[in-house]
Structures are given as C-alpha cells and as structure tokens.
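Asks: This is the content of my_file34.cif (mmCIF, C-alpha atoms):
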```
data_upload
loop_
_atom_site.label_atom_id
_atom_site.label_comp_id
_atom_site.auth_asym_id
_atom_site.auth_seq_id
_atom_site.Cartn_x
_atom_site.Cartn_y
_atom_site.Cartn_z
CA MET N 28 -118.33 -42.11 -260.74
CA ARG N 29 -116.02 -39.49 -259.34
CA LEU N 30 -115.25 -41.66 -256.31
CA THR N 31 -114.00 -44.48 -258.53
CA ALA N 32 -112.08 -42.19 -260.91
CA ILE N 33 -109.82 -40.68 -258.24
CA PRO N 34 -108.00 -43.90 -257.20
CA ILE N 35 -107.58 -44.81 -260.88
CA LEU N 36 -105.86 -41.50 -261.57
CA VAL N 37 -103.68 -41.86 -258.48
CA ALA N 38 -102.71 -45.35 -259.44
CA THR N 39 -101.98 -44.18 -262.97
CA GLY N 40 -99.83 -41.41 -261.57
CA LEU N 41 -97.88 -43.82 -259.43
CA PHE N 42 -97.31 -46.05 -262.41
CA VAL N 43 -96.05 -43.22 -264.63
CA CYS N 44 -93.69 -41.89 -261.94
CA GLY N 45 -92.23 -45.32 -261.38
CA THR N 46 -91.49 -45.89 -265.06
CA ARG N 47 -88.31 -44.34 -266.66
CA SER N 48 -88.12 -44.15 -270.44
CA ALA N 49 -84.82 -44.08 -272.35
CA SER N 50 -85.26 -40.38 -273.22
CA ALA N 51 -85.73 -39.43 -269.51
CA GLN N 52 -82.58 -41.14 -268.21
CA ALA N 53 -79.98 -38.92 -266.38
CA PRO N 54 -77.12 -37.85 -268.65
CA ALA N 55 -73.72 -39.45 -268.18
CA GLU N 56 -71.49 -37.53 -265.75
CA GLU N 57 -69.24 -35.06 -267.59
CA LYS N 58 -65.53 -35.38 -266.84
CA PRO N 59 -63.32 -32.31 -266.41
CA GLY N 60 -60.85 -31.49 -269.14
CA GLU N 61 -57.20 -30.50 -268.82
CA LEU N 62 -55.44 -27.47 -270.26
CA ARG N 63 -51.70 -27.95 -270.66
CA VAL N 64 -49.93 -24.59 -271.04
CA ARG N 65 -46.40 -24.61 -272.43
CA SER N 66 -44.17 -21.53 -272.61
CA THR N 67 -41.14 -20.74 -274.74
CA GLY N 68 -40.05 -17.90 -272.44
CA HIS N 69 -40.93 -16.11 -269.22
CA CYS N 70 -44.65 -15.33 -269.04
CA GLU N 71 -47.71 -15.15 -266.83
CA VAL N 72 -51.05 -16.74 -267.77
CA ARG N 73 -54.49 -16.29 -266.33
CA VAL N 74 -57.50 -18.57 -266.86
CA GLY N 75 -60.87 -17.28 -265.66
CA GLU N 76 -60.88 -16.47 -261.96
CA LYS N 77 -57.87 -18.65 -261.18
CA ALA N 78 -54.74 -17.03 -259.78
CA PRO N 79 -52.13 -16.08 -262.39
CA LEU N 80 -49.51 -18.73 -263.14
CA LYS N 81 -45.89 -17.83 -263.88
CA LEU N 82 -43.87 -19.94 -266.28
CA GLY N 83 -40.22 -19.88 -267.28
CA PRO N 84 -38.61 -20.92 -270.57
CA ARG N 85 -39.70 -24.39 -271.71
CA GLU N 86 -41.85 -24.88 -268.61
CA SER N 87 -45.39 -26.24 -268.64
CA THR N 88 -48.33 -26.60 -266.28
CA GLU N 89 -51.61 -28.55 -266.32
CA ILE N 90 -54.91 -27.00 -265.24
CA LYS N 91 -58.12 -28.98 -264.57
CA LEU N 92 -61.14 -27.16 -266.03
CA THR N 93 -64.83 -27.68 -266.62
CA PRO N 94 -65.37 -28.37 -270.33
CA GLY N 95 -66.16 -25.24 -272.31
CA HIS N 96 -64.70 -22.23 -274.08
CA TYR N 97 -62.02 -20.13 -272.34
CA VAL N 98 -60.09 -16.98 -273.09
CA VAL N 99 -56.58 -17.40 -271.69
CA GLY N 100 -54.83 -14.09 -270.99
CA ALA N 101 -51.04 -14.10 -271.27
CA GLU N 102 -48.39 -11.49 -270.47
CA SER N 103 -44.69 -11.64 -271.30
CA GLY N 104 -42.24 -11.70 -268.43
CA PHE N 105 -40.20 -8.60 -269.25
CA ALA N 106 -41.77 -6.05 -271.62
CA ARG N 107 -45.30 -6.95 -270.42
CA LEU N 108 -46.58 -7.68 -273.90
CA LYS N 109 -50.15 -9.00 -273.81
CA ARG N 110 -52.19 -11.39 -275.91
CA ASP N 111 -55.28 -13.59 -275.54
CA TYR N 112 -55.76 -17.20 -276.63
CA ASP N 113 -59.17 -18.78 -277.37
CA VAL N 114 -59.24 -22.35 -276.10
CA ASP N 115 -61.93 -25.05 -276.11
CA VAL N 116 -61.53 -27.56 -273.28
CA VAL N 117 -63.11 -30.95 -274.02
CA SER N 118 -64.41 -33.39 -271.41
CA GLY N 119 -61.82 -36.02 -270.49
CA GLN N 120 -59.22 -34.67 -272.91
CA THR N 121 -56.00 -32.65 -272.71
CA THR N 122 -55.80 -29.45 -274.73
CA ASP N 123 -52.35 -28.02 -275.44
CA LEU N 124 -51.64 -24.28 -275.52
CA ASP N 125 -48.24 -22.92 -276.55
CA VAL N 126 -47.53 -19.41 -275.31
CA ASP N 127 -44.82 -17.58 -277.25
CA PHE N 128 -43.97 -13.87 -277.15
CA SER N 129 -40.69 -13.98 -279.07
CA THR N 130 -42.33 -13.09 -282.38
CA LEU N 131 -44.24 -10.16 -280.89
CA ALA N 132 -41.07 -8.90 -279.19
CA ARG N 133 -39.05 -9.13 -282.38
CA GLU N 134 -41.74 -7.28 -284.28
CA ALA N 135 -41.72 -4.54 -281.63
CA LEU N 136 -37.93 -4.24 -281.88
CA ALA N 137 -38.08 -4.04 -285.66
CA ALA N 138 -40.78 -1.36 -285.42
CA SER N 139 -38.40 0.64 -283.20
CA GLY N 140 -35.72 0.44 -285.88
CA VAL N 141 -33.54 -1.93 -283.85
CA THR N 142 -31.62 -4.77 -285.48
CA LEU N 143 -32.06 -8.23 -284.03
CA GLU N 144 -28.42 -8.67 -283.02
CA SER N 145 -26.60 -9.17 -279.74
CA LYS N 146 -24.66 -5.95 -280.34
CA ALA N 147 -27.93 -4.03 -280.51
CA MET N 148 -28.87 -5.37 -277.07
CA LEU N 149 -25.46 -4.30 -275.75
CA ASP N 150 -26.06 -0.82 -277.17
CA ALA N 151 -29.45 -0.68 -275.42
CA VAL N 152 -27.78 -1.53 -272.09
CA ALA N 153 -25.01 1.01 -272.67
CA ARG N 154 -27.63 3.70 -273.39
CA ASN N 155 -29.84 2.68 -270.46
CA GLN N 156 -32.75 1.90 -272.79
CA ALA N 157 -34.51 -0.46 -270.41
CA ASP N 158 -37.64 -0.86 -272.60
CA LEU N 159 -35.54 -2.18 -275.46
CA VAL N 160 -33.57 -4.43 -273.10
CA ARG N 161 -36.83 -6.00 -271.92
CA LEU N 162 -37.95 -6.57 -275.52
CA PHE N 163 -34.65 -8.28 -276.28
CA LEU N 164 -35.16 -10.55 -273.27
CA ASP N 165 -38.69 -11.43 -274.43
CA ALA N 166 -37.28 -12.09 -277.88
CA GLY N 167 -35.03 -14.78 -276.41
CA PHE N 168 -31.71 -12.94 -276.10
CA ALA N 169 -29.62 -13.99 -273.08
CA ALA N 170 -29.07 -11.63 -270.15
CA ASP N 171 -25.65 -13.22 -269.51
CA GLN N 172 -24.12 -12.40 -272.88
CA THR N 173 -20.86 -10.42 -272.98
CA ASP N 174 -19.47 -7.51 -274.95
CA GLY N 175 -16.36 -7.52 -277.13
CA ASP N 176 -14.12 -7.31 -274.06
CA GLY N 177 -15.76 -10.26 -272.36
CA ARG N 178 -17.75 -8.12 -269.90
CA PRO N 179 -21.20 -9.46 -269.02
CA LEU N 180 -24.03 -7.01 -269.69
CA LEU N 181 -24.72 -6.71 -265.97
CA LEU N 182 -21.22 -5.31 -265.45
CA VAL N 183 -21.70 -2.82 -268.27
CA ALA N 184 -24.90 -1.50 -266.69
CA ALA N 185 -23.36 -1.42 -263.18
CA ASP N 186 -20.20 0.33 -264.33
CA ARG N 187 -22.19 3.11 -266.02
CA GLY N 188 -24.76 3.41 -263.25
CA HIS N 189 -27.61 2.56 -265.58
CA ARG N 190 -30.05 1.42 -262.93
CA GLU N 191 -33.09 0.93 -265.19
CA ALA N 192 -31.20 -1.29 -267.65
CA LEU N 193 -29.63 -3.16 -264.74
CA GLN N 194 -33.02 -3.85 -263.16
CA ALA N 195 -34.30 -5.17 -266.49
CA LEU N 196 -31.37 -7.58 -266.63
CA LEU N 197 -31.80 -8.58 -262.98
CA ASP N 198 -35.37 -9.68 -263.72
CA ALA N 199 -33.89 -12.34 -266.02
CA ASN N 200 -31.86 -13.79 -263.09
CA PRO N 201 -28.37 -13.51 -264.59
CA ASP N 202 -25.22 -14.56 -262.75
CA LEU N 203 -24.80 -11.78 -260.17
CA ASP N 204 -21.17 -12.66 -259.59
CA ALA N 205 -20.02 -13.03 -263.19
CA THR N 206 -16.61 -11.40 -263.68
CA ASP N 207 -14.59 -9.61 -266.35
CA ARG N 208 -10.90 -9.99 -267.14
CA LEU N 209 -9.99 -8.19 -263.92
CA GLU N 210 -12.19 -10.66 -262.05
CA ARG N 211 -14.41 -7.83 -260.89
CA THR N 212 -18.14 -8.31 -260.45
CA ALA N 213 -21.02 -5.93 -261.11
CA VAL N 214 -21.22 -4.84 -257.47
CA MET N 215 -17.48 -4.12 -257.47
CA TRP N 216 -17.72 -1.84 -260.51
CA ALA N 217 -20.74 -0.05 -259.11
CA ALA N 218 -18.90 0.43 -255.80
CA LEU N 219 -15.79 1.76 -257.54
CA ARG N 220 -17.85 4.25 -259.58
CA GLY N 221 -19.91 5.39 -256.60
CA HIS N 222 -23.31 4.22 -257.83
CA ALA N 223 -24.90 3.62 -254.42
CA ASP N 224 -28.39 2.87 -255.77
CA VAL N 225 -27.02 0.25 -258.16
CA VAL N 226 -24.96 -1.27 -255.34
CA GLY N 227 -28.12 -1.45 -253.25
CA ASP N 228 -29.99 -3.28 -256.03
CA LEU N 229 -27.21 -5.85 -256.35
CA VAL N 230 -26.88 -6.30 -252.59
CA ALA N 231 -30.64 -6.83 -252.34
CA ARG N 232 -30.43 -9.59 -254.95
CA GLY N 233 -27.68 -11.40 -253.03
CA ALA N 234 -24.42 -10.40 -254.72
CA ASP N 235 -21.22 -11.74 -253.18
CA LEU N 236 -19.77 -8.85 -251.16
CA ASN N 237 -16.48 -10.56 -250.29
CA HIS N 238 -15.34 -11.42 -253.81
CA LYS N 239 -11.79 -10.21 -254.60
CA ASP N 240 -10.45 -8.93 -257.89
CA LYS N 241 -7.36 -10.06 -259.76
CA VAL N 242 -5.18 -6.98 -259.29
CA LEU N 243 -4.73 -6.36 -255.57
CA LYS N 244 -7.38 -8.76 -254.30
CA ASP N 245 -9.62 -5.83 -253.37
CA THR N 246 -13.29 -6.22 -252.46
CA ALA N 247 -16.19 -3.92 -253.31
CA LEU N 248 -15.90 -2.30 -249.86
CA MET N 249 -12.19 -1.62 -250.33
CA LEU N 250 -12.79 -0.03 -253.73
CA ALA N 251 -15.54 2.20 -252.37
CA ALA N 252 -13.37 3.26 -249.42
CA ALA N 253 -10.36 3.97 -251.62
CA TRP N 254 -12.35 6.14 -254.04
CA GLY N 255 -14.13 8.04 -251.30
CA HIS N 256 -17.68 6.86 -251.92
CA ALA N 257 -19.22 7.19 -248.46
CA SER N 258 -22.76 6.50 -249.68
CA VAL N 259 -21.65 3.16 -251.13
CA VAL N 260 -19.84 2.23 -247.92
CA LYS N 261 -23.02 2.88 -245.97
CA VAL N 262 -25.03 0.64 -248.30
CA LEU N 263 -22.45 -2.14 -248.11
CA THR N 264 -22.16 -2.00 -244.33
CA GLY N 265 -25.91 -2.32 -243.98
CA THR N 266 -26.92 1.16 -242.86
CA GLY N 267 -30.69 1.17 -242.76
CA LEU N 268 -30.86 -2.60 -243.22
CA ALA N 269 -31.65 -5.28 -240.68
CA GLN N 270 -28.25 -6.52 -239.54
CA THR N 271 -26.24 -8.22 -236.86
CA ARG N 272 -22.62 -7.55 -235.96
CA ARG N 273 -20.32 -10.30 -234.87
CA SER N 274 -16.51 -10.40 -235.00
CA GLY N 275 -16.24 -7.72 -237.64
CA VAL N 276 -18.75 -9.36 -239.95
CA VAL N 277 -21.85 -7.46 -240.95
CA GLY N 278 -24.49 -10.04 -241.77
CA THR N 279 -27.24 -8.19 -243.58
CA ILE N 280 -30.48 -9.81 -244.70
CA PHE N 281 -28.90 -9.73 -248.16
CA GLY N 282 -25.63 -10.82 -249.66
CA LYS N 283 -23.81 -14.15 -249.68
CA GLY N 284 -22.35 -14.78 -246.26
CA GLY N 285 -22.64 -11.16 -245.19
CA LEU N 286 -19.77 -8.68 -245.44
CA ASN N 287 -16.35 -9.10 -243.84
CA LEU N 288 -15.46 -5.59 -242.73
CA ASP N 289 -11.87 -6.57 -241.92
CA GLU N 290 -11.02 -8.46 -245.09
CA THR N 291 -7.53 -7.60 -246.37
CA ASN N 292 -6.01 -7.46 -249.84
CA ARG N 293 -2.70 -8.61 -251.27
CA ILE N 294 -0.67 -6.05 -249.26
CA GLY N 295 -2.62 -6.45 -246.04
CA TRP N 296 -4.85 -3.39 -246.37
CA SER N 297 -8.44 -3.38 -245.13
CA ALA N 298 -11.17 -0.92 -246.10
CA VAL N 299 -10.32 1.22 -243.04
CA MET N 300 -6.71 1.39 -244.19
CA TYR N 301 -7.79 2.56 -247.63
CA ALA N 302 -9.95 5.25 -246.07
CA ALA N 303 -7.01 6.32 -243.91
CA ARG N 304 -4.51 6.32 -246.77
CA TYR N 305 -6.65 8.72 -248.80
CA GLY N 306 -7.89 10.84 -245.92
CA HIS N 307 -11.55 9.86 -246.01
CA THR N 308 -12.39 10.48 -242.36
CA ASP N 309 -16.14 10.11 -242.87
CA ILE N 310 -15.67 6.68 -244.40
CA ALA N 311 -13.27 5.57 -241.67
CA ARG N 312 -15.85 6.65 -239.09
CA ALA N 313 -18.68 4.79 -240.90
CA LEU N 314 -16.60 1.63 -241.01
CA VAL N 315 -15.65 1.86 -237.35
CA GLU N 316 -19.27 2.43 -236.36
CA ALA N 317 -20.19 -0.66 -238.37
CA GLY N 318 -17.68 -2.68 -236.35
CA ALA N 319 -14.43 -2.59 -238.32
CA LYS N 320 -11.12 -2.89 -236.46
CA VAL N 321 -8.53 -0.07 -236.52
CA ASP N 322 -5.55 -1.83 -234.95
CA ARG N 323 -4.74 -4.19 -237.82
CA ARG N 324 -1.31 -3.90 -239.47
CA ASP N 325 -0.44 -4.32 -243.12
CA ASP N 326 2.50 -6.30 -244.55
CA LEU N 327 4.83 -3.45 -243.57
CA GLN N 328 3.43 -3.36 -240.01
CA ARG N 329 1.59 -0.06 -240.55
CA THR N 330 -1.76 0.67 -238.92
CA ALA N 331 -4.51 2.77 -240.47
CA ALA N 332 -3.52 5.74 -238.31
CA MET N 333 0.08 5.44 -239.46
CA LEU N 334 -1.00 5.40 -243.11
CA ALA N 335 -3.08 8.53 -242.61
CA ARG N 336 -0.27 10.31 -240.72
CA GLY N 337 2.27 9.36 -243.39
CA GLU N 338 0.15 10.96 -246.12
CA GLY N 339 -0.45 14.11 -244.15
CA HIS N 340 -4.12 13.50 -243.38
CA ALA N 341 -4.04 14.97 -239.89
CA ALA N 342 -7.80 14.86 -239.25
CA THR N 343 -8.10 11.22 -240.23
CA ALA N 344 -4.98 10.27 -238.30
CA GLY N 345 -6.20 12.12 -235.22
CA TYR N 346 -9.54 10.36 -235.30
CA LEU N 347 -7.97 6.91 -235.63
CA GLU N 348 -5.32 7.62 -233.00
CA SER N 349 -8.00 8.71 -230.54
CA LEU N 350 -9.74 5.37 -231.03
CA ALA N 351 -6.50 3.48 -230.44
CA ALA N 352 -5.89 5.46 -227.26
CA ARG N 353 -9.29 4.48 -225.87
CA THR N 354 -8.54 0.80 -226.24
CA LYS N 355 -5.27 0.94 -224.30
#
```
Can the structure in the file be given as structure tokens, please?
Replies:
Amino acid sequence: MRLTAIPILVATGLFVCGTRSASAQAPAEEKPGELRVRSTGHCEVRVGEKAPLKLGPRESTEIKLTPGHYVVGAESGFARLKRDYDVDVVSGQTTDLDVDFSTLAREALAASGVTLESKAMLDAVARNQADLVRLFLDAGFAADQTDGDGRPLLLVAADRGHREALQALLDANPDLDATDRLERTAVMWAALRGHADVVGDLVARGADLNHKDKVLKDTALMLAAAWGHASVVKVLTGTGLAQTRRSGVVGTIFGKGGLNLDETNRIGWSAVMYAARYGHTDIARALVEAGAKVDRRDDLQRTAAMLARGEGHAATAGYLESLAARTK
C-alpha cells in the first residue's frame, strides 16, 4: 500500500504546485512616488539619506521616492532656522511640499522686539547685528535695499567696517558693485576707511576693483593709497593671493578683470602718485613691488617723485628717485 501511495502524493504535489489561485497571485508592481518641494525663500532640505538640496526663492525640485512616510528636514538659508515636515508619498502620484520660513523669521524678530520695517533692517546693519540681519533676510527683506540717502546696505556695512553684517548680506548675493550718489562701491568705501578684512571679503566675492567714483574718478586702490592704508593696498594688490603680473595688471583669482595698478584719475594721478603726494613710502614700495610704474606723469607733467619732493617728503622722494635712476 505504501508503494502505491508515494507516487499519488508526488503527483498530487506536482498538481498543487502547478496551480495558482487568485489569492496567491504576485502583487502588482508598486510605482515610485514623487515629492515636489517648493520654496518661498532660500533654504536647504534633506530627505532621508539623500544629499541636502538647496533652493532659492520660488524654486522647486522633484524627488523620486519609494512610497511611504517621510520626515523632511528643512533649514532656512540665512538664520539657520529649522523645521520638519511630515509627508506621505503615494505610489504613482506627486506630493507637493511648500517650505516657508518667513513666518518663523518674523516671529523671531518680533520676539526680539524688532519692528518689521526696512528701517529696522538698516539699523541692524548699522549696529552690526548680523543675527537680526539674517532674520530679516529669511523674512523676505531685500539685501539690496537702500537707506534714506540712497546708499545700499552693503555700502553702509562696508563704510563702517561691520564685517559680520556685511557677510550676512553677501550670503544673499546682492549687487557687489552697487553705488551711492558719489558713484562709490562697497569696496571703495571699505578701502577709504581702511577696513582691510572687509576689502578682502569683497575682493573674494568678485567686486570690481577698477570702478571709478564721480568726484575725481578715483579707484579703491587710489583711495587706499591716498589715505595711507597699507594693509588695504596689500589686499588689493594680491599679497598672499595666487596672482600673475602682466603689464601693470595684477590678475588675482578674484575680482572682475583683475586690478589695474597704473589706472589714473581725472588729473592723471595713479595710486603711486597718491602715495608719493602724501608721503606714504611703505605704500609706494608695496605698489612698486606689485608691478606699478613710477615714471608716469600727471596732467601737469609731474612724476610721483616730483610730487613727493614738492610736498617735502624726502624719504618717499628719495626712494622713488632711486628707482628712476636704476632704469636709466
């Protein structure tokens, strides 16, 4: 009996394995879902193990995801405010997520006792309150706004040497070469005031170093040389930066078109001439070592050495005259 039962069981097993009931059928293949993230301002979002994604104002991005529940982490672009969003991604469907930090930023400003006005942002820049400046930026205030005299905020920060506030504004990518009524830029005001670190920040971002103002058509280098700011001159001429020298032009890895060391103003003065006129021997030497020429003449046919000698700056005149003698 056992011999006849075995093949029956085997045959039965083969029959069962070869038959597929409706309940045993493979489930339909699940399609991935899509998460569309939209931002009202600058932010960074992270979904699971994926690399963080940066978004600007009114930008969006689509992310393919396996259906399921996700916690999307978001961080504002300036004040680094944080918040999480719970999102359910459905198979074959697009789920929209709007990321907005303006309300949180405004609430933080209000909690600090700050009014939500453009003037309050100007005051924060003028006082070098970088944390408040970043909150204003997250709240949707423009980095390019101007004060009552038509000066862009970047110029206000540069003029006062407020590096922290300036860096907060720079993160919002304002116009580096915006001008005031004197047609001076932020880097020109920082150079005139002697704020070498601020000048360095602006140079690193690509500020135009050859822009001329409205008064005498001076450049940032001329202003720094005239006011005796040797540290600024060294930053502008590329000391410590990768550079090449060619025909009096210092082409640093920063700046628009490099720096023309021999640029002249409305009366024919170069930066070396300014240094000579005011007896700044150290600046004249730094400019010469960077590649500036000393034999140029102004509109009255005066050289740098002649300007120094005429003002009684014997040391400066002697240095420049010794250079001229070597070239003869």
Asks: If the PyMOL selection byres ((chain N and resi 171-183) around 6) is run on the structure shown, which residues does it catch, given as an mmCIF file with C-alpha atoms, in the coordinates of the input?
Replies:
```
data_model
loop_
_atom_site.group_PDB
_atom_site.id
_atom_site.type_symbol
_atom_site.label_atom_id
_atom_site.label_comp_id
_atom_site.auth_asym_id
_atom_site.auth_seq_id
_atom_site.Cartn_x
_atom_site.Cartn_y
_atom_site.Cartn_z
ATOM 1 C CA ALA N 169 -29.620 -13.990 -273.080
ATOM 2 C CA ALA N 170 -29.070 -11.630 -270.150
ATOM 3 C CA ALA N 184 -24.900 -1.500 -266.690
ATOM 4 C CA ALA N 185 -23.360 -1.420 -263.180
ATOM 5 C CA ASP N 186 -20.200 0.330 -264.330
ATOM 6 C CA PRO N 201 -28.370 -13.510 -264.590
ATOM 7 C CA ASP N 207 -14.590 -9.610 -266.350
ATOM 8 C CA ALA N 213 -21.020 -5.930 -261.110
#
```
Asks: Quick check on the file I pasted: which residues fall under the PyMOL selection byres ((chain N and resi 217-227) around 8)? Write them as a list in words.
Replies: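 After applying the PyMOL selection byres ((chain N and resi 217-227) around 8), what remains is Ala185, Asp186, Arg187, Gly188, His189, Arg190, Leu193, Ala213, Val214, Met215, Trp216, Asp228, Leu229, Val230, Ala231, Ala247, Leu248, Leu250, Ala251, Trp254, His256, Ser258, Val259, Val262 and Leu263 of chain N.
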Asks: To one decimal place in Å, what is the distance between CA of Val321 in chain N and CA of Leu243 in chain N?
Replies: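 Computing it gives 20.4 Å between the two atoms.
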Asks: Can you spell out as a PDB file with C-alpha atoms, in the coordinates of the input the set of residues that the PyMOL selection byres ((chain N and resi 238) around 9) selects in the structure I just provided?
Replies:
```
ATOM      1  CA  ASP N 204     -21.170 -12.660-259.590  1.00  0.00           C
ATOM      2  CA  GLU N 210     -12.190 -10.660-262.050  1.00  0.00           C
ATOM      3  CA  ARG N 211     -14.410  -7.830-260.890  1.00  0.00           C
ATOM      4  CA  THR N 212     -18.140  -8.310-260.450  1.00  0.00           C
ATOM      5  CA  MET N 215     -17.480  -4.120-257.470  1.00  0.00           C
ATOM      6  CA  ASP N 235     -21.220 -11.740-253.180  1.00  0.00           C
ATOM      7  CA  LEU N 236     -19.770  -8.850-251.160  1.00  0.00           C
ATOM      8  CA  ASN N 237     -16.480 -10.560-250.290  1.00  0.00           C
ATOM      9  CA  LYS N 239     -11.790 -10.210-254.600  1.00  0.00           C
ATOM     10  CA  ASP N 240     -10.450  -8.930-257.890  1.00  0.00           C
ATOM     11  CA  LYS N 244      -7.380  -8.760-254.300  1.00  0.00           C
ATOM     12  CA  ASP N 245      -9.620  -5.830-253.370  1.00  0.00           C
ATOM     13  CA  THR N 246     -13.290  -6.220-252.460  1.00  0.00           C
ATOM     14  CA  ALA N 247     -16.190  -3.920-253.310  1.00  0.00           C
TER      15      ALA N 247
END
```
Asks: Can you tell me, as a ChimeraX atom specification, which residues sit within 8 Å of (-27.9, -3.0, -270.2) in the file's frame, using only C-alpha atoms?
Replies: /N:148-157,160,180-181,183-184,189,192-193,195-196
Asks: Pick from N:Gly233, N:Gly295, N:Gly140, N:Pro94: nearest to Arg324 in chain N, with all atoms listed in the file counted?
Replies: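 The closest residue to Arg324 in chain N is N:Gly295.
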Asks: Could you tell me how far CA of Ile310 in chain N lies from CA of Thr343 in chain N, in Å and to one decimal?
Replies: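 About the pair CA of Ile310 in chain N and CA of Thr343 in chain N: they are 9.8 Å apart.
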Asks: Between N:Ala335, N:Val114, N:Ala342, N:Leu108, which is the closest to Gly75 in chain N once you count only C-alpha atoms?
Replies: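 Checking each of N:Ala335, N:Val114, N:Ala342, N:Leu108 against Gly75 in chain N, counting only C-alpha atoms, the winner is N:Val114.
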Asks: Which one is closest to Val141 in chain N: N:Val116, N:Phe163, N:Glu71, N:Gly306? Count all atoms listed in the file.
Replies: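 Checking each candidate against Val141 in chain N, we get N:Phe163 as the closest.
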Asks: Can you tell me how far CA of Ala234 in chain N sits from CA of Glu290 in chain N, in Å to one decimal?
Replies: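 CA of Glu290 in chain N lies at a distance of 16.6 Å from CA of Ala234 in chain N.
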